[in-house]
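Engineer: Input coords-v2.txt, format and content: compact mmCIF, C-alpha atoms.
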```txt
# COMPACT_ATOMS: atom_id res chain seq x y z
CA MET A 45 87.91 27.85 35.58
CA GLU A 46 89.70 31.20 35.60
CA ILE A 47 87.27 32.47 32.98
CA LEU A 48 84.34 31.54 35.22
CA VAL A 49 85.95 33.41 38.11
CA VAL A 50 86.41 36.50 35.95
CA ILE A 51 82.81 36.30 34.73
CA SER A 52 81.59 35.94 38.31
CA ILE A 53 83.58 38.99 39.39
CA ILE A 54 82.23 41.04 36.47
CA ALA A 55 78.67 39.95 37.29
CA LEU A 56 79.19 40.92 40.93
CA LEU A 57 80.55 44.34 39.96
CA LEU A 58 77.63 44.92 37.60
CA SER A 59 75.15 43.98 40.33
CA LEU A 60 76.76 46.63 42.52
CA LEU A 61 77.04 49.28 39.81
CA VAL A 62 73.61 49.05 38.16
CA PRO A 63 71.64 50.27 41.20
CA SER A 64 74.16 53.09 41.65
CA MET A 65 73.83 54.09 38.00
CA LYS A 66 70.04 53.98 38.24
CA SER A 67 70.15 56.15 41.36
CA ALA A 68 72.52 58.60 39.65
CA ARG A 69 70.21 58.87 36.63
CA GLU A 70 67.22 59.51 38.87
CA GLN A 71 69.18 62.14 40.80
CA ALA A 72 70.14 63.80 37.51
CA ARG A 73 66.50 63.88 36.36
CA LEU A 74 65.48 65.35 39.71
CA VAL A 75 68.09 68.11 39.31
CA VAL A 76 66.83 68.88 35.79
CA CYS A 77 63.22 69.00 37.04
CA GLY A 78 64.22 71.38 39.83
CA SER A 79 66.13 73.53 37.34
CA HIS A 80 63.08 73.74 35.09
CA GLN A 81 60.85 74.78 37.97
CA SER A 82 63.39 77.34 39.17
CA ALA A 83 63.51 78.89 35.68
CA ILE A 84 59.72 79.08 35.66
CA GLY A 85 59.83 80.60 39.13
CA ARG A 86 62.21 83.33 37.99
CA ALA A 87 59.87 84.22 35.14
CA ALA A 88 56.92 84.27 37.56
CA ALA A 89 58.88 86.59 39.88
CA ALA A 90 59.58 88.92 36.95
CA TYR A 91 55.87 88.93 36.15
CA ALA A 92 54.97 89.80 39.74
CA THR A 93 57.55 92.59 39.83
CA GLN A 94 56.20 94.16 36.66
CA TRP A 95 52.56 93.79 37.76
CA ASN A 96 52.87 95.29 41.23
CA GLY A 97 53.06 91.96 43.06
CA TRP A 98 50.12 90.22 41.38
CA LEU A 99 50.65 86.50 40.74
CA CYS A 100 50.67 84.98 37.27
CA GLY A 101 48.13 82.22 36.59
CA SER A 102 45.05 83.70 38.22
CA PRO A 103 41.88 84.21 36.14
CA GLY A 104 41.80 87.74 37.49
CA THR A 105 45.40 88.66 36.61
CA SER A 106 47.15 87.06 33.62
CA GLY A 107 43.95 85.19 32.70
CA SER A 108 41.79 88.31 32.68
CA VAL A 109 42.71 89.08 29.06
CA MET A 110 40.49 86.18 28.03
CA TYR A 111 37.42 88.01 29.34
CA LEU A 112 37.68 90.74 26.72
CA GLU A 113 34.55 91.01 24.59
CA PRO A 114 33.62 89.18 22.51
CA ARG A 115 34.59 86.23 24.69
CA PRO A 116 35.89 83.23 22.74
CA GLU A 117 33.95 80.01 22.56
CA PRO A 118 35.46 77.01 24.43
CA GLU A 119 36.33 75.32 21.14
CA SER A 120 37.86 78.45 19.58
CA GLU A 121 41.00 77.73 17.60
CA ASP A 122 42.77 81.08 17.78
CA PHE A 123 43.28 83.62 20.57
CA ASP A 124 45.07 86.93 20.26
CA CYS A 125 46.79 86.53 23.66
CA ASP A 126 49.39 84.28 25.30
CA PRO A 127 47.29 82.13 27.70
CA VAL A 128 45.34 79.16 26.36
CA GLN A 129 42.84 79.29 29.25
CA ILE A 130 42.13 81.53 32.24
CA TRP A 131 44.24 79.48 34.70
CA ASP A 132 47.21 79.17 32.32
CA TRP A 133 50.42 80.48 33.90
CA ALA A 134 52.72 78.90 31.27
CA GLY A 135 51.56 80.92 28.24
CA PRO A 136 52.02 84.38 29.81
CA LEU A 137 55.46 83.44 31.18
CA ALA A 138 56.60 81.82 27.91
CA GLY A 139 55.41 84.67 25.70
CA GLY A 140 56.26 87.60 27.96
CA TYR A 141 59.23 86.57 30.09
CA MET A 142 60.97 83.59 28.40
CA SER A 143 61.24 85.03 24.89
CA MET A 144 59.39 82.07 23.39
CA SER A 145 57.39 82.31 20.18
CA LEU A 146 53.88 80.93 20.68
CA PRO A 147 51.63 79.69 17.85
CA ALA A 148 48.42 81.61 17.22
CA ASN A 149 46.50 78.33 17.13
CA ARG A 150 45.45 77.45 20.66
CA ALA A 151 45.77 73.69 20.25
CA GLU A 152 49.30 74.10 18.91
CA ARG A 153 50.08 76.41 21.83
CA PHE A 154 48.94 73.71 24.28
CA GLY A 155 51.57 71.45 22.72
CA VAL A 156 54.36 74.01 23.15
CA LEU A 157 53.45 74.58 26.81
CA VAL A 158 54.08 70.95 27.80
CA GLU A 159 57.56 70.64 26.27
CA GLY A 160 61.05 71.93 27.01
CA VAL A 161 61.34 73.82 30.28
CA PHE A 162 57.69 73.00 31.01
CA ALA A 163 58.35 69.22 30.94
CA CYS A 164 59.50 67.05 33.86
CA PRO A 165 62.14 64.58 32.55
CA ASN A 166 60.26 61.78 34.36
CA ASN A 167 56.99 62.63 32.62
CA ARG A 168 56.61 59.81 30.09
CA TYR A 169 52.83 60.05 29.83
CA GLU A 170 50.48 61.30 27.15
CA ALA A 171 47.00 62.76 27.53
CA ASP A 172 43.77 63.15 25.57
CA PRO A 173 41.33 66.09 25.86
CA HIS A 174 38.98 65.18 28.72
CA ARG A 175 36.03 66.97 27.15
CA LYS A 176 34.75 66.70 23.61
CA ALA A 177 37.22 68.78 21.64
CA THR A 178 36.86 70.14 18.13
CA GLY A 179 39.38 71.30 15.58
CA SER A 180 43.01 70.33 16.06
CA PHE A 181 42.93 69.43 19.75
CA GLY A 182 44.37 65.97 20.17
CA ARG A 183 46.65 63.69 22.16
CA GLN A 184 49.73 65.37 23.62
CA LYS A 185 52.26 65.04 26.42
CA MET A 186 50.69 65.16 29.88
CA VAL A 187 50.95 68.53 31.63
CA SER A 188 53.96 68.23 33.98
CA TYR A 189 53.56 71.10 36.43
CA ASN A 190 50.62 72.63 38.28
CA THR A 191 50.20 75.87 40.19
CA PHE A 192 47.68 75.92 43.09
CA ARG A 193 44.37 77.73 42.94
CA ASN A 194 44.42 78.13 46.72
CA PHE A 195 46.94 80.96 46.15
CA LEU A 196 45.50 82.27 42.88
CA SER A 197 41.88 82.98 43.88
CA TRP A 198 40.31 85.91 45.65
CA SER A 199 38.48 85.10 48.88
CA ARG A 200 34.67 84.93 48.73
CA THR A 201 34.52 88.26 50.56
CA MET A 202 36.11 89.94 47.53
CA VAL A 203 33.81 89.17 44.61
CA THR A 204 32.31 92.58 43.75
CA TRP A 205 33.45 93.74 40.33
CA ASP A 206 34.86 97.24 39.93
CA GLY A 207 35.42 98.00 36.26
CA PHE A 208 37.76 100.90 37.03
CA ARG A 209 40.09 98.81 39.24
CA PRO A 210 40.30 95.34 37.61
CA TRP A 211 43.24 94.36 39.82
CA GLY A 212 42.59 96.76 42.65
CA GLY A 213 41.15 94.38 45.24
CA PRO A 214 37.80 92.74 44.54
CA ALA A 215 37.82 89.67 42.33
CA PRO A 216 37.14 90.87 38.77
CA PHE A 217 35.25 87.71 37.77
CA LEU A 218 33.41 84.96 39.61
CA GLU A 219 35.85 82.42 38.18
CA ALA A 220 38.63 84.32 39.98
CA SER A 221 36.90 84.11 43.35
CA PHE A 222 37.57 81.24 45.70
CA ASP A 223 36.05 78.01 44.38
CA ARG A 224 34.95 76.07 47.45
CA ILE A 225 36.07 72.48 47.30
CA GLY A 226 33.22 71.35 49.54
CA GLY A 227 32.42 71.64 53.23
CA ARG A 228 33.24 75.04 54.69
CA THR A 229 36.84 75.51 53.61
CA LEU A 230 37.57 79.24 53.29
CA PRO A 231 40.69 81.29 52.49
CA PRO A 232 41.79 84.13 54.79
CA VAL A 233 39.43 87.11 54.82
CA ASN A 234 40.31 89.60 52.07
CA TYR A 235 42.98 87.35 50.56
CA VAL A 236 44.07 88.36 47.03
CA PRO A 237 46.72 86.71 44.80
CA ARG A 238 49.62 89.06 45.46
CA MET A 239 53.14 88.31 46.68
CA GLY A 240 52.57 90.54 49.70
CA GLN A 241 49.88 88.12 50.89
CA ILE A 242 52.35 85.20 51.01
CA THR A 243 53.67 85.52 54.56
CA ASN A 244 56.03 82.50 54.37
CA PRO A 245 57.32 82.41 50.77
CA SER A 246 59.98 79.77 51.49
CA GLY A 247 57.34 77.39 52.85
CA LYS A 248 54.52 77.90 50.32
CA ALA A 249 54.29 76.06 47.00
CA TYR A 250 53.83 77.97 43.75
CA LEU A 251 54.49 75.06 41.38
CA ALA A 252 54.89 71.28 41.66
CA ASP A 253 54.96 68.04 39.71
CA GLY A 254 51.45 66.90 38.97
CA ASN A 255 48.56 66.59 36.57
CA ARG A 256 44.97 67.55 37.12
CA PHE A 257 42.57 65.13 35.45
CA THR A 258 42.09 61.45 34.77
CA GLY A 259 39.23 59.82 32.92
CA ALA A 260 36.85 57.28 34.41
CA ASP A 261 39.12 54.52 33.14
CA GLY A 262 42.21 56.09 34.73
CA SER A 263 43.55 57.54 31.47
CA VAL A 264 45.24 60.93 31.71
CA THR A 265 43.28 63.84 30.24
CA TYR A 266 43.51 67.63 29.98
CA ASP A 267 40.98 70.45 29.85
CA THR A 268 40.81 72.40 26.57
CA ASP A 269 38.13 74.94 27.54
CA TRP A 270 39.17 78.58 27.72
CA ASP A 271 37.14 79.14 30.94
CA ALA A 272 38.81 76.10 32.53
CA LEU A 273 36.66 75.86 35.66
CA ALA A 274 38.39 75.17 39.01
CA GLY A 275 41.90 75.21 37.59
CA GLY A 276 41.79 73.81 34.10
CA ALA A 277 44.81 71.87 32.88
CA PHE A 278 47.43 74.03 34.59
CA CYS A 279 46.20 74.46 38.17
CA ASN A 280 45.47 71.99 40.98
CA GLY A 281 44.30 72.02 44.59
CA GLY A 282 47.29 70.23 46.09
CA PRO A 283 47.72 66.71 47.50
CA THR A 284 45.54 67.12 50.60
CA LEU A 285 42.09 67.09 49.00
CA ARG A 286 39.72 64.16 49.04
CA VAL A 287 38.17 62.77 45.86
CA HIS A 288 35.05 64.78 44.94
CA ASP A 289 32.15 63.43 42.93
CA GLY A 290 34.31 60.69 41.49
CA ILE A 291 36.77 63.16 39.93
CA LYS A 292 40.30 61.96 40.50
CA LEU A 293 42.95 64.64 40.89
CA VAL A 294 46.30 62.95 40.40
CA LEU A 295 47.99 64.32 43.51
CA SER A 296 44.96 63.97 45.75
CA ALA A 297 43.87 60.53 44.64
CA TYR A 298 47.17 58.68 44.97
CA HIS A 299 46.03 56.66 47.99
CA TYR A 300 42.73 55.86 46.31
CA ASP A 301 44.25 54.76 43.02
CA ARG A 302 47.85 53.58 43.16
CA GLY A 303 48.03 53.75 39.39
CA LEU A 304 48.06 57.53 39.67
CA GLY A 305 51.12 57.58 41.89
CA ALA A 306 53.68 57.35 39.11
CA ARG A 307 52.02 60.25 37.30
CA GLY A 308 51.97 62.74 40.17
CA TYR A 309 54.82 61.45 42.34
CA ARG A 310 57.29 60.89 39.52
CA HIS A 311 60.58 60.89 41.44
CA ARG A 312 61.96 58.31 43.84
CA ILE A 313 64.89 58.95 46.19
CA LYS A 314 66.21 56.24 48.52
CA GLY A 315 63.07 54.21 48.01
CA GLN A 316 60.67 57.08 48.75
CA ARG A 317 58.31 58.35 46.08
CA GLY A 318 57.90 62.11 45.92
CA LEU A 319 57.61 65.24 43.82
CA VAL A 320 59.59 68.39 43.09
CA VAL A 321 58.07 71.56 44.51
CA SER A 322 59.14 75.15 43.83
CA HIS A 323 58.22 77.83 46.35
CA PHE A 324 57.40 81.51 46.23
CA ASP A 325 60.96 82.44 47.26
CA GLY A 326 62.27 80.65 44.15
CA HIS A 327 63.88 77.54 45.64
CA ALA A 328 62.90 74.04 44.49
CA GLU A 329 63.17 70.83 46.51
CA PHE A 330 62.20 67.16 46.56
CA VAL A 331 59.24 66.47 48.88
CA THR A 332 58.29 62.92 49.81
CA GLU A 333 54.75 61.72 49.26
CA THR A 334 54.28 61.46 53.03
CA GLU A 335 55.53 64.98 53.68
CA SER A 336 53.38 66.38 50.86
CA ARG A 337 50.20 65.32 52.68
CA LYS A 338 50.66 68.05 55.31
CA PRO A 339 48.41 70.95 54.28
CA ASP A 340 50.33 74.10 55.25
CA ARG A 341 52.54 74.10 52.13
CA TRP A 342 49.52 74.26 49.78
CA TRP A 343 47.30 76.91 51.44
CA PRO A 344 47.69 80.57 52.53
CA LYS A 345 48.16 81.20 56.23
CA GLY A 346 44.80 81.56 57.97
CA THR A 347 42.87 79.27 55.59
CA VAL A 348 40.15 77.37 57.45
CA ILE A 349 39.91 73.83 56.04
CA SER A 350 36.97 71.62 56.92
CA PHE A 351 37.66 68.11 58.24
CA THR A 352 35.50 66.73 55.43
CA ASP A 353 37.73 68.25 52.72
CA PHE A 354 40.88 66.28 53.60
CA ASN A 355 41.78 62.93 52.10
CA GLU A 356 42.60 60.05 54.44
CA ALA A 357 46.35 60.32 53.89
CA SER A 358 46.35 63.94 55.10
CA LEU A 359 44.07 63.27 58.07
CA LYS A 360 46.73 60.93 59.49
CA HIS A 361 49.01 63.94 59.97
CA LEU A 362 46.36 66.08 61.66
CA VAL A 363 45.15 63.96 64.58
CA GLY A 364 44.34 66.27 67.49
CA ARG A 365 44.79 69.44 65.45
CA PHE A 366 41.17 70.25 64.62
CA ASP A 367 39.13 72.87 66.48
CA ARG A 368 35.73 72.22 68.06
CA ASP A 369 34.05 72.88 64.70
CA PHE A 370 36.21 70.18 63.09
CA ASN A 371 38.23 72.68 61.09
CA TYR A 372 42.01 72.92 60.61
CA VAL A 373 43.47 76.44 60.49
CA VAL A 374 46.68 76.88 58.50
CA GLY A 375 49.08 78.44 60.97
CA ARG A 376 52.27 79.21 59.06
```
Can you turn what I pasted into structure tokens?

Structural biologist:
Amino acid sequence: MEILVVISIIALLLSLLVPSMKSAREQARLVVCGSHQSAIGRAAAAYATQWNGWLCGSPGTSGSVMYLEPRPEPESEDFDCDPVQIWDWAGPLAGGYMSMSLPANRAERFGVLVEGVFACPNNRYEADPHRKATGSFGRQKMVSYNTFRNFLSWSRTMVTWDGFRPWGGPAPFLEASFDRIGGRTLPPVNYVPRMGQITNPSGKAYLADGNRFTGADGSVTYDTDWDALAGGAFCNGGPTLRVHDGIKLVLSAYHYDRGLGARGYRHRIKGQRGLVVSHFDGHAEFVTETESRKPDRWWPKGTVISFTDFNEASLKHLVGRFDRDFNYVVGR
């Protein structure tokens, strides 16, 4: 009888301890994820300081080296530069500011840029190339972190190329100009990807948990092309966008496909799913899925976003906040 009592007490204690241990492990993984993003943020800040405020990850800044003639083919195996595609922020930071040795082979470099400090500890997913890949491109760990092309593109008013001032104002390449997501969404007039244009650095996201592509069957994929249209494997549009033309962006499509939730919103605190976000001032924090649907964090101040470009989850937060043309203007 006494043995049964002891066993019952032990079982009761375990039932109390196991949830606490699980919560502690999740908290520890969240801290590690935030630490990784903060380290990346410090490297990005060093890049911006050295390059007169220009942001790493834009096709017109760190990605511009891939436009040197002769331009590589999308399936090219080797590049004589750190990025693996024009939207890649990880390669330039790893090679230039984190003292990492990067393989010359581009497929091998992809593999390096999804491990170590570039990996969320809750990212347990693998990915296949989402386009037909040649050579050594193959299955790898899913990309953990995305920057946001809303901050890395020139506005459409700035697309005239000036060969003598590649970073002097106008977007140097069409791929670096603002890629409309549909409707009439436009960035602020004359916006360029420089730190001086970020008026609220503590409230604007530079990097966050996420992944860009899924296949038609819901499988995770990644873009191998060097020209990496609309963000490639390393850049996203944020969790406010609706699904376009059947393409599911992991952050945006969560409410349309619950299976994507665990891939983009990989952390859970006190029963709430969310993601880790690092901001332009360098601090990282946990943001709940609900809070992430508010648009101001993901867009420069003054961006005009069409009603038709929001997903349903974001629209719930914006009732009564559209102008007479059914646009939302980012105000902070």

Engineer: Fewer than 4 positions away in the same chain doesn't count, so skip those; otherwise give me all residues within 6 Å of range 254-265 of chain A, counting all atoms listed in the file, as a PDB file with C-alpha atoms, keeping the file's coordinate frame.

Structural biologist:
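Now in part_13.pdb:
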```
ATOM      1  CA  ALA A 171      47.000  62.760  27.530  1.00  0.00           C
ATOM      2  CA  ASP A 172      43.770  63.150  25.570  1.00  0.00           C
ATOM      3  CA  PRO A 173      41.330  66.090  25.860  1.00  0.00           C
ATOM      4  CA  HIS A 174      38.980  65.180  28.720  1.00  0.00           C
ATOM      5  CA  VAL A 187      50.950  68.530  31.630  1.00  0.00           C
ATOM      6  CA  SER A 188      53.960  68.230  33.980  1.00  0.00           C
ATOM      7  CA  TYR A 189      53.560  71.100  36.430  1.00  0.00           C
ATOM      8  CA  ASN A 190      50.620  72.630  38.280  1.00  0.00           C
ATOM      9  CA  ASN A 280      45.470  71.990  40.980  1.00  0.00           C
ATOM     10  CA  LEU A 293      42.950  64.640  40.890  1.00  0.00           C
ATOM     11  CA  VAL A 294      46.300  62.950  40.400  1.00  0.00           C
ATOM     12  CA  GLY A 308      51.970  62.740  40.170  1.00  0.00           C
TER      13      GLY A 308
END
```

Engineer: For a cut-off of 8 Å around (54.3, 82.2, 53.4), file coordinates, pick out all residues using all atoms listed in the file and list them as number ranges by chain.

Structural biologist: A: 241-248, 324, 344-345, 376

Engineer: Would you mind exporting the chosen residues as a PDB file, in the frame of the given file, restricted to C-alpha atoms?

Structural biologist:
```pdb
ATOM      1  CA  GLN A 241      49.880  88.120  50.890  1.00  0.00           C
ATOM      2  CA  ILE A 242      52.350  85.200  51.010  1.00  0.00           C
ATOM      3  CA  THR A 243      53.670  85.520  54.560  1.00  0.00           C
ATOM      4  CA  ASN A 244      56.030  82.500  54.370  1.00  0.00           C
ATOM      5  CA  PRO A 245      57.320  82.410  50.770  1.00  0.00           C
ATOM      6  CA  SER A 246      59.980  79.770  51.490  1.00  0.00           C
ATOM      7  CA  GLY A 247      57.340  77.390  52.850  1.00  0.00           C
ATOM      8  CA  LYS A 248      54.520  77.900  50.320  1.00  0.00           C
ATOM      9  CA  PHE A 324      57.400  81.510  46.230  1.00  0.00           C
ATOM     10  CA  PRO A 344      47.690  80.570  52.530  1.00  0.00           C
ATOM     11  CA  LYS A 345      48.160  81.200  56.230  1.00  0.00           C
ATOM     12  CA  ARG A 376      52.270  79.210  59.060  1.00  0.00           C
TER      13      ARG A 376
END
```

Engineer: Rounded to one decimal in Å, what is the spacing between CA of Arg307 in chain A and CA of Asn149 in chain A?

Structural biologist: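 Distance reported for this atom pair: 27.6 Å.
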
Engineer: Please, which residues in range 216-246 of chain A fall within 10 Å of range 195-198 of chain A when counting only C-alpha atoms, and what is the closest atom pair and distance in Å to one decimal for each, ordered by chain then residue number, as a Markdown table?

Structural biologist:
```
| residue | atom | partner | partner_atom | distance |
| --- | --- | --- | --- | --- |
| A:Pro216 | CA | A:Trp198 | CA | 9.1 |
| A:Phe217 | CA | A:Trp198 | CA | 9.5 |
| A:Leu218 | CA | A:Trp198 | CA | 9.2 |
| A:Glu219 | CA | A:Ser197 | CA | 8.3 |
| A:Ala220 | CA | A:Ser197 | CA | 5.3 |
| A:Ser221 | CA | A:Trp198 | CA | 4.5 |
| A:Phe222 | CA | A:Ser197 | CA | 5.0 |
| A:Asp223 | CA | A:Ser197 | CA | 7.7 |
| A:Pro231 | CA | A:Trp198 | CA | 8.3 |
| A:Pro232 | CA | A:Trp198 | CA | 9.4 |
| A:Val233 | CA | A:Trp198 | CA | 9.3 |
| A:Asn234 | CA | A:Trp198 | CA | 7.4 |
| A:Tyr235 | CA | A:Trp198 | CA | 5.8 |
| A:Val236 | CA | A:Trp198 | CA | 4.7 |
| A:Pro237 | CA | A:Leu196 | CA | 5.0 |
| A:Arg238 | CA | A:Leu196 | CA | 8.4 |
| A:Met239 | CA | A:Phe195 | CA | 9.6 |
| A:Gln241 | CA | A:Phe195 | CA | 9.1 |
| A:Ile242 | CA | A:Phe195 | CA | 8.4 |
```

Engineer: Since we have the selection now, will you write its residues out, keeping C-alpha atoms, as a PDB file, in the coordinates of the input?

Structural biologist:
```
ATOM      1  CA  PRO A 216      37.140  90.870  38.770  1.00  0.00           C
ATOM      2  CA  PHE A 217      35.250  87.710  37.770  1.00  0.00           C
ATOM      3  CA  LEU A 218      33.410  84.960  39.610  1.00  0.00           C
ATOM      4  CA  GLU A 219      35.850  82.420  38.180  1.00  0.00           C
ATOM      5  CA  ALA A 220      38.630  84.320  39.980  1.00  0.00           C
ATOM      6  CA  SER A 221      36.900  84.110  43.350  1.00  0.00           C
ATOM      7  CA  PHE A 222      37.570  81.240  45.700  1.00  0.00           C
ATOM      8  CA  ASP A 223      36.050  78.010  44.380  1.00  0.00           C
ATOM      9  CA  PRO A 231      40.690  81.290  52.490  1.00  0.00           C
ATOM     10  CA  PRO A 232      41.790  84.130  54.790  1.00  0.00           C
ATOM     11  CA  VAL A 233      39.430  87.110  54.820  1.00  0.00           C
ATOM     12  CA  ASN A 234      40.310  89.600  52.070  1.00  0.00           C
ATOM     13  CA  TYR A 235      42.980  87.350  50.560  1.00  0.00           C
ATOM     14  CA  VAL A 236      44.070  88.360  47.030  1.00  0.00           C
ATOM     15  CA  PRO A 237      46.720  86.710  44.800  1.00  0.00           C
ATOM     16  CA  ARG A 238      49.620  89.060  45.460  1.00  0.00           C
ATOM     17  CA  MET A 239      53.140  88.310  46.680  1.00  0.00           C
ATOM     18  CA  GLN A 241      49.880  88.120  50.890  1.00  0.00           C
ATOM     19  CA  ILE A 242      52.350  85.200  51.010  1.00  0.00           C
TER      20      ILE A 242
END
```

Engineer: To one decimal place, how far is CA of Gly318 in chain A from CA of Ser336 in chain A in Å?

Structural biologist: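 Computing it gives 7.9 Å between the two atoms.
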
Engineer: From the list A:Ala92, A:Leu146, A:Val331, A:Ala138, which residue is nearest Ala249 in chain A when using all atoms listed in the file?

Structural biologist: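 Smallest separation from Ala249 in chain A among the options: A:Val331.
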
Engineer: Write out as a compact mmCIF listing (two decimals) with C-alpha atoms, keeping the file's coordinate frame the residues lying within 9 Å of Ser108 in chain A, counting all atoms listed in the file and excluding same-chain residues fewer than 2 positions away.

Structural biologist:
```txt
# COMPACT_ATOMS: atom_id res chain seq x y z
CA SER A 102 45.05 83.70 38.22
CA PRO A 103 41.88 84.21 36.14
CA GLY A 104 41.80 87.74 37.49
CA THR A 105 45.40 88.66 36.61
CA SER A 106 47.15 87.06 33.62
CA MET A 110 40.49 86.18 28.03
CA TYR A 111 37.42 88.01 29.34
CA LEU A 112 37.68 90.74 26.72
CA ILE A 130 42.13 81.53 32.24
CA PRO A 210 40.30 95.34 37.61
CA PRO A 216 37.14 90.87 38.77
CA PHE A 217 35.25 87.71 37.77
CA ALA A 220 38.63 84.32 39.98
```

Engineer: So the first atom is CA of Arg73 in chain A and the second is CA of Ile313 in chain A; what is the distance between them in Å, to one decimal place?

Structural biologist: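 Value for the CA of Arg73 in chain A-CA of Ile313 in chain A distance: 11.1 Å.
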
Engineer: Would you please work out which residue, of A:Met144, A:Leu251, A:Val75, A:Val363, is nearest to Gly326 in chain A when using only C-alpha atoms?

Structural biologist: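 Under the stated criterion, the closest residue is A:Leu251.
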
Engineer: In terms of the shortest atom-to-atom distance over only C-alpha atoms, which of A:Ser145, A:Ser358, A:Ser322, A:Ser350 is closest to Arg86 in chain A?

Structural biologist: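 When distances to Arg86 in chain A are compared using only C-alpha atoms, the smallest one comes from A:Ser322.
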